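What's in model-v7.tsv: TSV, C-alpha atoms
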```
chain	number	residue	atom	x	y	z
A	107	MET	CA	17.44	-28.79	23.46
A	108	ASN	CA	13.91	-29.29	24.82
A	109	PRO	CA	11.44	-29.11	21.88
A	110	HIS	CA	8.66	-27.91	24.23
A	111	PRO	CA	10.05	-25.12	26.44
A	112	GLU	CA	6.57	-24.30	27.79
A	113	ASP	CA	6.31	-27.84	29.20
A	114	GLU	CA	9.71	-27.46	30.82
A	115	LEU	CA	8.67	-24.13	32.35
A	116	LEU	CA	5.47	-25.66	33.73
A	117	ARG	CA	7.37	-28.64	35.13
A	118	ARG	CA	9.83	-26.35	36.93
A	119	GLN	CA	7.05	-24.12	38.24
A	120	ARG	CA	5.13	-27.14	39.54
A	121	GLU	CA	8.26	-28.61	41.20
A	122	ARG	CA	9.16	-25.34	42.87
A	123	ALA	CA	5.60	-24.73	44.05
A	124	ARG	CA	5.42	-28.22	45.57
A	125	LEU	CA	8.78	-27.79	47.29
A	126	MET	CA	7.76	-24.36	48.59
A	127	ALA	CA	4.57	-25.84	50.06
A	128	TRP	CA	6.56	-28.53	51.89
A	129	LEU	CA	9.07	-25.97	53.18
A	130	LEU	CA	6.34	-23.63	54.40
A	131	GLY	CA	4.60	-26.52	56.16
A	132	ALA	CA	7.88	-27.54	57.80
A	133	PHE	CA	8.50	-23.92	58.85
A	134	VAL	CA	5.10	-23.66	60.53
A	135	ILE	CA	5.75	-26.90	62.46
A	136	LEU	CA	9.24	-25.68	63.39
A	137	LEU	CA	7.88	-22.38	64.74
A	138	PHE	CA	5.26	-24.27	66.74
A	139	LEU	CA	7.91	-26.54	68.28
A	140	ILE	CA	10.21	-23.56	69.01
A	141	THR	CA	7.31	-21.86	70.79
A	142	LEU	CA	6.65	-24.96	72.90
A	143	ALA	CA	10.35	-25.23	73.80
A	144	LYS	CA	10.54	-21.54	74.75
A	145	ILE	CA	7.43	-21.83	76.93
A	146	GLY	CA	9.02	-24.88	78.59
A	147	ILE	CA	12.23	-22.96	79.35
A	148	ASN	CA	10.40	-19.97	80.83
A	149	ARG	CA	8.19	-22.05	83.10
B	252	MET	CA	10.23	-18.41	20.95
B	253	THR	CA	7.15	-17.65	23.05
B	254	SER	CA	7.36	-15.44	26.13
B	255	ALA	CA	6.89	-18.48	28.33
B	256	ALA	CA	9.71	-20.23	26.52
B	257	ALA	CA	11.95	-17.21	26.98
B	258	GLU	CA	11.07	-17.14	30.65
B	259	SER	CA	12.02	-20.81	31.04
B	260	VAL	CA	15.66	-19.85	30.54
B	261	HIS	CA	15.47	-17.78	33.73
B	262	LEU	CA	13.28	-19.96	35.94
B	263	ALA	CA	15.91	-21.85	37.89
B	264	ASP	CA	15.48	-25.49	38.72
B	265	TRP	CA	15.34	-25.97	42.51
B	266	ARG	CA	18.37	-28.28	42.30
B	267	ASP	CA	20.40	-25.34	41.01
B	268	LEU	CA	19.23	-23.23	43.94
B	269	VAL	CA	20.52	-25.97	46.24
B	270	ALA	CA	23.82	-26.07	44.30
B	271	LEU	CA	24.13	-22.32	44.87
B	272	THR	CA	24.49	-22.96	48.61
B	273	LYS	CA	27.68	-25.05	48.15
B	274	PRO	CA	26.35	-28.10	50.03
B	275	ARG	CA	29.78	-29.77	50.35
B	276	VAL	CA	31.32	-26.77	52.09
B	277	MET	CA	28.21	-26.62	54.26
B	278	SER	CA	28.90	-30.09	55.73
B	279	LEU	CA	32.07	-28.86	57.47
B	280	VAL	CA	30.29	-25.70	58.64
B	281	VAL	CA	27.40	-27.72	60.08
B	282	PHE	CA	29.74	-30.16	61.77
B	283	THR	CA	31.92	-27.51	63.46
B	284	GLY	CA	28.81	-25.54	64.47
B	285	LEU	CA	27.30	-28.67	65.99
B	286	CYS	CA	30.53	-29.37	67.85
B	287	GLY	CA	30.51	-25.84	69.29
B	288	LEU	CA	26.93	-26.39	70.45
B	289	LEU	CA	27.62	-29.82	71.95
B	290	ALA	CA	30.87	-28.74	73.63
B	291	ALA	CA	29.07	-25.99	75.54
B	292	PRO	CA	28.66	-26.57	79.29
B	293	VAL	CA	24.88	-26.05	79.13
B	294	SER	CA	22.32	-27.97	77.11
B	295	ILE	CA	19.33	-26.49	75.32
B	296	PRO	CA	16.15	-28.26	74.16
B	297	PHE	CA	16.73	-30.43	71.09
B	298	ILE	CA	14.50	-28.37	68.80
B	299	LEU	CA	16.33	-25.12	69.67
B	300	GLY	CA	19.71	-26.75	69.08
B	301	PHE	CA	18.44	-28.21	65.80
B	302	THR	CA	17.19	-24.78	64.71
B	303	ALA	CA	20.49	-23.14	65.64
B	304	ILE	CA	22.39	-25.61	63.44
B	305	LEU	CA	19.80	-25.19	60.68
B	306	CYS	CA	20.35	-21.42	60.82
B	307	ILE	CA	24.14	-21.84	60.67
B	308	ALA	CA	23.68	-24.07	57.60
B	309	LEU	CA	21.25	-21.65	55.94
B	310	GLY	CA	23.52	-18.69	56.72
B	311	ALA	CA	26.49	-20.52	55.17
B	312	GLY	CA	24.35	-21.42	52.16
B	313	ALA	CA	23.26	-17.80	51.79
B	314	ALA	CA	26.86	-16.61	51.93
B	315	GLY	CA	27.77	-19.22	49.30
B	316	ALA	CA	24.95	-18.04	47.04
B	317	LEU	CA	26.01	-14.39	47.35
B	318	ASN	CA	29.62	-15.41	46.72
B	319	GLN	CA	28.57	-17.12	43.48
B	320	TRP	CA	26.41	-14.15	42.53
B	321	TYR	CA	29.41	-11.82	42.83
B	322	GLU	CA	31.98	-14.18	41.31
B	323	HIS	CA	30.01	-15.42	38.30
B	324	ASP	CA	32.67	-14.05	35.92
B	325	LEU	CA	35.51	-15.64	37.89
B	326	ASP	CA	33.75	-19.00	38.16
B	327	ALA	CA	33.33	-19.10	34.38
B	328	LYS	CA	37.12	-18.96	33.95
B	329	MET	CA	37.99	-21.85	36.25
B	330	ARG	CA	37.47	-25.54	35.38
B	331	ARG	CA	36.58	-26.37	38.98
B	332	THR	CA	33.68	-23.89	39.05
B	333	ALA	CA	32.64	-23.47	35.40
B	334	ASN	CA	29.65	-25.81	35.76
B	335	ARG	CA	28.06	-23.87	38.63
B	336	PRO	CA	24.51	-22.63	37.88
B	337	LEU	CA	25.50	-19.03	37.04
B	338	PRO	CA	28.54	-19.53	34.77
B	339	ALA	CA	26.72	-22.45	33.11
B	340	LYS	CA	23.83	-20.00	32.49
B	341	ARG	CA	21.21	-22.24	34.09
B	342	MET	CA	20.15	-19.33	36.32
B	343	ASP	CA	20.09	-15.54	36.06
B	344	ARG	CA	22.07	-13.40	38.52
B	345	GLN	CA	19.06	-11.66	40.00
B	346	THR	CA	17.61	-14.98	41.18
B	347	ALA	CA	20.90	-15.79	42.92
B	348	LEU	CA	21.01	-12.35	44.57
B	349	HIS	CA	17.40	-12.52	45.80
B	350	PHE	CA	17.89	-16.08	47.01
B	351	GLY	CA	21.12	-15.18	48.88
B	352	VAL	CA	19.79	-12.03	50.53
B	353	GLY	CA	16.46	-13.67	51.42
B	354	LEU	CA	18.14	-16.71	52.93
B	355	SER	CA	20.57	-14.51	54.91
B	356	VAL	CA	17.79	-12.44	56.48
B	357	PHE	CA	15.67	-15.52	57.16
B	358	SER	CA	18.52	-17.42	58.88
B	359	VAL	CA	19.45	-14.48	61.13
B	360	ILE	CA	15.85	-13.76	62.19
B	361	LEU	CA	15.16	-17.45	62.86
B	362	MET	CA	18.37	-17.71	64.91
B	363	GLU	CA	17.25	-14.80	67.09
B	364	LEU	CA	13.78	-16.30	67.54
B	365	ALA	CA	15.12	-19.71	68.50
B	366	THR	CA	18.21	-18.79	70.54
B	367	ASN	CA	19.51	-15.30	71.38
B	368	TYR	CA	20.59	-11.92	70.00
B	369	LEU	CA	24.32	-12.58	70.29
B	370	ALA	CA	24.15	-15.77	68.20
B	371	ALA	CA	22.08	-13.94	65.57
B	372	ILE	CA	24.55	-11.04	65.47
B	373	LEU	CA	27.49	-13.44	65.09
B	374	LEU	CA	25.67	-15.27	62.28
B	375	ALA	CA	25.00	-11.97	60.50
B	376	ALA	CA	28.64	-10.96	61.01
B	377	SER	CA	29.89	-14.24	59.54
B	378	ILE	CA	27.72	-13.83	56.42
B	379	LEU	CA	28.75	-10.19	55.96
B	380	PHE	CA	32.42	-11.03	56.56
B	381	TYR	CA	32.40	-13.77	53.94
B	382	VAL	CA	30.53	-11.74	51.35
B	383	LEU	CA	31.91	-8.22	51.86
B	384	ILE	CA	35.36	-8.66	53.39
B	385	TYR	CA	36.45	-11.89	51.67
B	386	THR	CA	34.53	-12.07	48.39
B	387	VAL	CA	34.19	-8.42	47.43
B	388	TRP	CA	37.24	-6.85	49.07
B	389	LEU	CA	40.08	-9.32	49.58
B	390	LYS	CA	39.84	-12.19	47.13
B	391	ARG	CA	40.81	-10.33	43.97
B	392	ARG	CA	43.17	-7.87	45.64
B	393	THR	CA	45.64	-9.63	47.89
B	394	ALA	CA	47.44	-12.93	48.32
B	395	GLN	CA	46.44	-12.74	51.98
B	396	ASN	CA	42.79	-13.27	50.94
B	397	ILE	CA	42.67	-16.73	52.46
B	398	VAL	CA	44.43	-15.71	55.68
B	399	ILE	CA	42.00	-12.94	56.62
B	400	GLY	CA	39.00	-14.46	54.84
B	401	GLY	CA	39.48	-17.64	56.84
B	402	ALA	CA	37.77	-15.89	59.75
B	403	ALA	CA	34.42	-16.25	57.95
B	404	GLY	CA	34.62	-20.04	58.08
B	405	ALA	CA	35.77	-19.96	61.70
B	406	PHE	CA	32.53	-18.53	63.09
B	407	PRO	CA	30.32	-21.70	63.24
B	408	PRO	CA	31.69	-23.28	66.47
B	409	LEU	CA	31.53	-19.88	68.14
B	410	ILE	CA	27.92	-19.40	67.00
B	411	GLY	CA	26.99	-22.92	68.12
B	412	TRP	CA	28.47	-22.30	71.57
B	413	VAL	CA	26.81	-18.88	71.93
B	414	ALA	CA	23.45	-20.32	70.77
B	415	ALA	CA	23.62	-22.69	73.76
B	416	THR	CA	25.15	-20.40	76.41
B	417	GLY	CA	24.37	-16.84	75.33
B	418	SER	CA	27.96	-15.78	76.02
B	419	ILE	CA	31.47	-15.99	74.56
B	420	ASP	CA	34.12	-17.99	76.43
B	421	LEU	CA	37.78	-18.89	75.90
B	422	LEU	CA	37.22	-22.41	74.48
B	423	PRO	CA	35.00	-21.36	71.54
B	424	VAL	CA	37.43	-18.51	70.82
B	425	LEU	CA	40.22	-21.10	70.61
B	426	LEU	CA	38.05	-23.25	68.32
B	427	PHE	CA	37.58	-20.14	66.18
B	428	ALA	CA	41.37	-19.65	66.12
B	429	ILE	CA	41.98	-23.28	65.12
B	430	ILE	CA	39.78	-22.99	62.00
B	431	PHE	CA	41.21	-19.54	61.26
B	432	LEU	CA	44.77	-20.92	61.31
B	433	TRP	CA	43.80	-24.17	59.56
B	434	THR	CA	42.40	-22.35	56.52
B	435	PRO	CA	45.69	-21.08	54.97
B	436	PRO	CA	47.54	-24.44	54.82
B	437	HIS	CA	44.33	-26.15	53.69
B	438	PHE	CA	43.63	-23.75	50.81
B	439	TRP	CA	47.26	-23.13	49.85
B	440	ALA	CA	47.76	-26.90	49.47
B	441	LEU	CA	44.76	-26.90	47.11
B	442	SER	CA	45.88	-23.77	45.30
B	443	LEU	CA	49.27	-25.32	44.56
B	444	PHE	CA	47.81	-28.09	42.41
B	445	VAL	CA	45.09	-25.93	40.80
B	446	ARG	CA	47.22	-22.77	40.51
B	447	SER	CA	46.81	-22.54	36.71
B	448	ASP	CA	43.06	-22.13	37.29
B	449	TYR	CA	43.67	-19.22	39.69
B	450	ALA	CA	46.29	-17.71	37.37
B	451	ASN	CA	43.90	-17.86	34.39
B	452	ALA	CA	41.20	-16.17	36.44
B	453	ASN	CA	43.63	-13.49	37.75
B	454	VAL	CA	43.00	-14.43	41.38
B	455	PRO	CA	46.10	-13.45	43.39
B	456	MET	CA	46.45	-16.70	45.31
B	457	LEU	CA	49.82	-17.11	47.04
B	458	PRO	CA	51.35	-19.62	44.54
B	459	VAL	CA	50.44	-17.28	41.68
B	460	VAL	CA	51.81	-14.14	43.34
B	461	ALA	CA	54.67	-15.35	45.55
B	462	GLY	CA	55.66	-18.59	43.83
B	463	ILE	CA	55.54	-22.27	44.69
B	464	ARG	CA	58.61	-22.36	46.97
B	465	ASN	CA	57.35	-19.48	49.08
B	466	THR	CA	53.87	-21.02	49.36
B	467	ARG	CA	55.32	-24.32	50.60
B	468	SER	CA	57.30	-22.47	53.28
B	469	GLN	CA	54.21	-20.52	54.32
B	470	ILE	CA	52.24	-23.76	54.59
B	471	LEU	CA	54.82	-25.14	57.02
B	472	VAL	CA	54.91	-21.93	59.08
B	473	TYR	CA	51.12	-21.81	59.41
B	474	SER	CA	51.01	-25.53	60.18
B	475	VAL	CA	53.36	-25.01	63.13
B	476	ILE	CA	51.21	-22.14	64.46
B	477	LEU	CA	48.10	-24.28	63.88
B	478	VAL	CA	49.36	-27.27	65.89
B	479	VAL	CA	50.38	-24.99	68.76
B	480	SER	CA	46.91	-23.41	68.84
B	481	ALA	CA	45.28	-26.86	68.55
B	482	MET	CA	47.13	-27.95	71.72
B	483	ALA	CA	46.09	-24.81	73.60
B	484	PRO	CA	42.64	-26.08	74.79
B	485	PHE	CA	44.37	-29.02	76.47
B	486	ALA	CA	47.36	-27.04	77.74
B	487	LEU	CA	45.05	-24.45	79.32
B	488	GLY	CA	42.99	-27.14	81.02
B	489	LEU	CA	39.84	-26.41	79.01
B	490	THR	CA	39.66	-29.99	77.69
B	491	GLY	CA	40.69	-33.38	79.02
B	492	LEU	CA	42.96	-36.25	78.05
B	493	ILE	CA	40.77	-37.48	75.16
B	494	TYR	CA	41.20	-34.22	73.34
B	495	GLY	CA	44.86	-33.92	74.34
B	496	ILE	CA	45.81	-37.33	72.93
B	497	SER	CA	43.66	-36.90	69.78
B	498	ALA	CA	45.12	-33.46	69.09
B	499	ALA	CA	48.68	-34.71	69.62
B	500	VAL	CA	48.20	-37.57	67.12
B	501	LEU	CA	46.40	-35.42	64.52
B	502	ASN	CA	48.96	-32.61	64.92
B	503	THR	CA	51.88	-34.98	64.43
B	504	ILE	CA	50.42	-36.33	61.16
B	505	PHE	CA	49.58	-32.80	60.00
B	506	LEU	CA	53.13	-31.60	60.66
B	507	ILE	CA	54.68	-34.61	58.89
B	508	LEU	CA	52.49	-33.97	55.81
B	509	ALA	CA	53.23	-30.23	55.89
B	510	ALA	CA	56.96	-30.99	56.12
B	511	ALA	CA	56.59	-33.30	53.09
B	512	VAL	CA	55.00	-30.42	51.18
B	513	TRP	CA	57.85	-28.13	52.25
B	514	ALA	CA	60.44	-30.70	51.10
B	515	ASN	CA	58.73	-31.26	47.75
B	516	THR	CA	60.54	-29.59	44.84
B	517	SER	CA	58.20	-30.51	42.00
B	518	GLU	CA	56.77	-27.61	40.05
B	519	ASP	CA	54.62	-29.93	37.97
B	520	VAL	CA	51.08	-30.76	39.08
B	521	SER	CA	51.71	-34.48	38.54
B	522	GLY	CA	54.45	-34.34	41.18
B	523	MET	CA	52.27	-32.70	43.82
B	524	LYS	CA	51.17	-35.79	45.72
B	525	PRO	CA	52.30	-34.34	49.08
B	526	GLU	CA	50.06	-31.30	48.48
B	527	ARG	CA	47.08	-33.50	47.58
B	528	ARG	CA	47.73	-35.64	50.66
B	529	LEU	CA	47.90	-32.62	52.97
B	530	PHE	CA	44.73	-31.14	51.46
B	531	ALA	CA	42.79	-34.40	51.92
B	532	PHE	CA	44.12	-34.99	55.44
B	533	SER	CA	43.44	-31.40	56.52
B	534	ILE	CA	39.69	-32.05	56.14
B	535	LEU	CA	39.95	-35.23	58.19
B	536	TYR	CA	42.09	-33.32	60.72
B	537	LEU	CA	39.44	-30.70	61.37
B	538	PHE	CA	36.66	-33.30	61.65
B	539	GLY	CA	38.80	-35.36	64.05
B	540	LEU	CA	39.82	-32.43	66.21
B	541	PHE	CA	36.28	-31.11	66.64
B	542	ALA	CA	34.86	-34.58	67.21
B	543	ALA	CA	37.48	-34.96	69.97
B	544	VAL	CA	36.28	-31.74	71.66
B	545	VAL	CA	32.74	-33.13	71.84
B	546	VAL	CA	33.73	-36.64	72.95
B	547	ASP	CA	35.97	-35.09	75.58
B	548	ARG	CA	33.06	-33.01	76.90
B	549	TRP	CA	30.67	-35.98	77.21
B	550	VAL	CA	32.98	-38.91	78.05
B	551	THR	CA	35.05	-38.97	81.21
B	552	LEU	CA	38.19	-41.09	81.34
```
Output the file's structure as structure tokens, nothing else.
Amino acid sequence: MNPHPEDELLRRQRERARLMAWLLGAFVILLFLITLAKIGINR
Amino acid sequence: MTSAAAESVHLADWRDLVALTKPRVMSLVVFTGLCGLLAAPVSIPFILGFTAILCIALGAGAAGALNQWYEHDLDAKMRRTANRPLPAKRMDRQTALHFGVGLSVFSVILMELATNYLAAILLAASILFYVLIYTVWLKRRTAQNIVIGGAAGAFPPLIGWVAATGSIDLLPVLLFAIIFLWTPPHFWALSLFVRSDYANANVPMLPVVAGIRNTRSQILVYSVILVVSAMAPFALGLTGLIYGISAAVLNTIFLILAAAVWANTSEDVSGMKPERRLFAFSILYLFGLFAAVVVDRWVTL
């Protein structure tokens, strides 16, 4: 068992926050590219 | 224990959230969805096609998460599933529920934004079918759970096709039927050599309820119907010679293996090599058949 559960909690929080930031960034780029593709189709 | 320490028990590791989506099952879903998209007679921009497949994968992952949320008690009783995040108590149920519902809604909305309403509705229907009809209603009540529930896994090629074309045609409906009819022999072969797991968990899988002999006969019957339906796209002129030859070869092997299962008399798991062989080949069969549909669409003989 982990002798320092607070450290483990912080590690998990940090990992999840970092992953969430990457995913949100990727989502913004994806929406931008979808918008460009949709504009291209409708032209 | 401090409050933070107590909370650490419930803060799931992101790897467990990924495990909740059943990534291995997702690979077949993504592949068949991609084949449906690529077999369609019209092409869409790469990024829209990519997003459609991403949404199919996320929708399947969401359905898997909700399935594990509902079946946490069942999973704890079976060796095969006991180490999943919920039965292993690495995650609390509420996290799984929020994750599954959130991912479902996100995948459906994104599908509509990137492609069309019909594809989004079909994606929503496939998630709801898997969670409500199969997981909640059928799985613990009837030995036909796999037969009817198989429809949930049959949606991806149809969704892929509709994402590209915006309409439903005969070929994607036949692709739907192939996966629908493939599911019973595939899962019954598996359930024969892990039947003690299902029996311990009180899941009414066919070998548990109707016996081993009956299950083997049913596997052969469904295999015959499957190979007929798998030849239909070629027989109806919807695909060419590449698919026709591939399907004939794959069907022949499938039937031979299904006949070997039918002829097997062993009741002991150690004597169930034919069942293991059919289960392993059935995965290859589906990959091969759907790959043939795509190759046939893009390569002219």
Exercise for the section: List every protein, DNA or RNA residue that has at least one atom no more than 12 Å from (28.3, -11.6, 59.2) in the file's coordinates, counting only C-alpha atoms, and write the result as a PyMOL selection string. Expected result: chain B and resi 307+310-311+313-314+355-356+358-359+369-385+400+402-407+410
Problem - Which residue of A:Leu130, A:Ala123, A:Leu115, A:Ile147 approaches chain B most closely, using all atoms listed in the file - result: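 Looking at the shortest contact to chain B, the residue is A:Leu115.
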If I wrap all listed atoms of region 509-514 of chain B in a box with edges along x, y and z and add 3 Å on each side, what are its centre and edge lengths in Å to one decimal, as JSON?
```
{"center_x": 56.8, "center_y": -30.7, "center_z": 53.6, "size_x": 13.2, "size_y": 11.2, "size_z": 11.0}
```
Practice task
For CA of Leu116 (chain A) and CA of Phe350 (chain B), determine how far apart the two atoms are, in Å to one decimal place.
Solution key: 20.6 Å
Problem - For CA of Ser533 (chain B) and CA of Leu441 (chain B), the interatomic separation in Å (one decimal) - result: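 Atom-to-atom, CA of Ser533 (chain B) to CA of Leu441 (chain B), that is 10.5 Å.
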Exercise for the section: Please work out which residues fall within 9 Å of (47.2, -22.8, 59.7), coordinates as given in the file, with all atoms listed in the file counting, and return them as a list in words. Expected result: Val398, Ile429, Ile430, Phe431, Leu432, Trp433, Thr434, Pro435, Pro436, His437, Ile470, Leu471, Val472, Tyr473, Ser474, Val475, Ile476, Leu477 and Val478 of chain B
Those selected residues, please, written with C-alpha atoms and delivered as a short mmCIF file (atom, residue, chain, number, x, y, z; two decimals), in the frame of the given file.
```cif
data_model
loop_
_atom_site.label_atom_id
_atom_site.label_comp_id
_atom_site.auth_asym_id
_atom_site.auth_seq_id
_atom_site.Cartn_x
_atom_site.Cartn_y
_atom_site.Cartn_z
CA VAL B 398 44.43 -15.71 55.68
CA ILE B 429 41.98 -23.28 65.12
CA ILE B 430 39.78 -22.99 62.00
CA PHE B 431 41.21 -19.54 61.26
CA LEU B 432 44.77 -20.92 61.31
CA TRP B 433 43.80 -24.17 59.56
CA THR B 434 42.40 -22.35 56.52
CA PRO B 435 45.69 -21.08 54.97
CA PRO B 436 47.54 -24.44 54.82
CA HIS B 437 44.33 -26.15 53.69
CA ILE B 470 52.24 -23.76 54.59
CA LEU B 471 54.82 -25.14 57.02
CA VAL B 472 54.91 -21.93 59.08
CA TYR B 473 51.12 -21.81 59.41
CA SER B 474 51.01 -25.53 60.18
CA VAL B 475 53.36 -25.01 63.13
CA ILE B 476 51.21 -22.14 64.46
CA LEU B 477 48.10 -24.28 63.88
CA VAL B 478 49.36 -27.27 65.89
#
```
Exercise for the section: Taking all atoms listed in the file into account, report as a ChimeraX atom specification which residues of chain A lie within 10 Å of chain B. Expected result: /A:110-119,121-123,125-126,136-137,139-144,146-147
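Separating CA of Ala531 (chain B) from CA of Ala440 (chain B) is a distance of 9.3 Å.
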Exercise for the section: Write out as a PyMOL selection string which residues come within 9 Å of Val276 (chain B) when counting all atoms listed in the file, dropping same-chain ones fewer than 5 positions away. Expected result: chain B and resi 281+311-312+315
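Using all atoms listed in the file, the smallest distance between any of B:Gly284, B:Gly401, B:Pro338, B:Gly300 and Met362 (chain B) comes from B:Gly300.
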Neighbours of Trp412 (chain B) within 8 Å (all atoms listed in the file; same-chain residues fewer than 4 positions away dropped), as a short mmCIF file (atom, residue, chain, number, x, y, z; two decimals) with C-alpha atoms, in the coordinates of the input?
```
data_model
loop_
_atom_site.label_atom_id
_atom_site.label_comp_id
_atom_site.auth_asym_id
_atom_site.auth_seq_id
_atom_site.Cartn_x
_atom_site.Cartn_y
_atom_site.Cartn_z
CA GLY B 284 28.81 -25.54 64.47
CA GLY B 287 30.51 -25.84 69.29
CA LEU B 288 26.93 -26.39 70.45
CA LEU B 289 27.62 -29.82 71.95
CA ALA B 290 30.87 -28.74 73.63
CA ALA B 291 29.07 -25.99 75.54
CA PRO B 408 31.69 -23.28 66.47
CA THR B 416 25.15 -20.40 76.41
CA GLY B 417 24.37 -16.84 75.33
CA SER B 418 27.96 -15.78 76.02
CA ILE B 419 31.47 -15.99 74.56
CA PRO B 423 35.00 -21.36 71.54
#
```
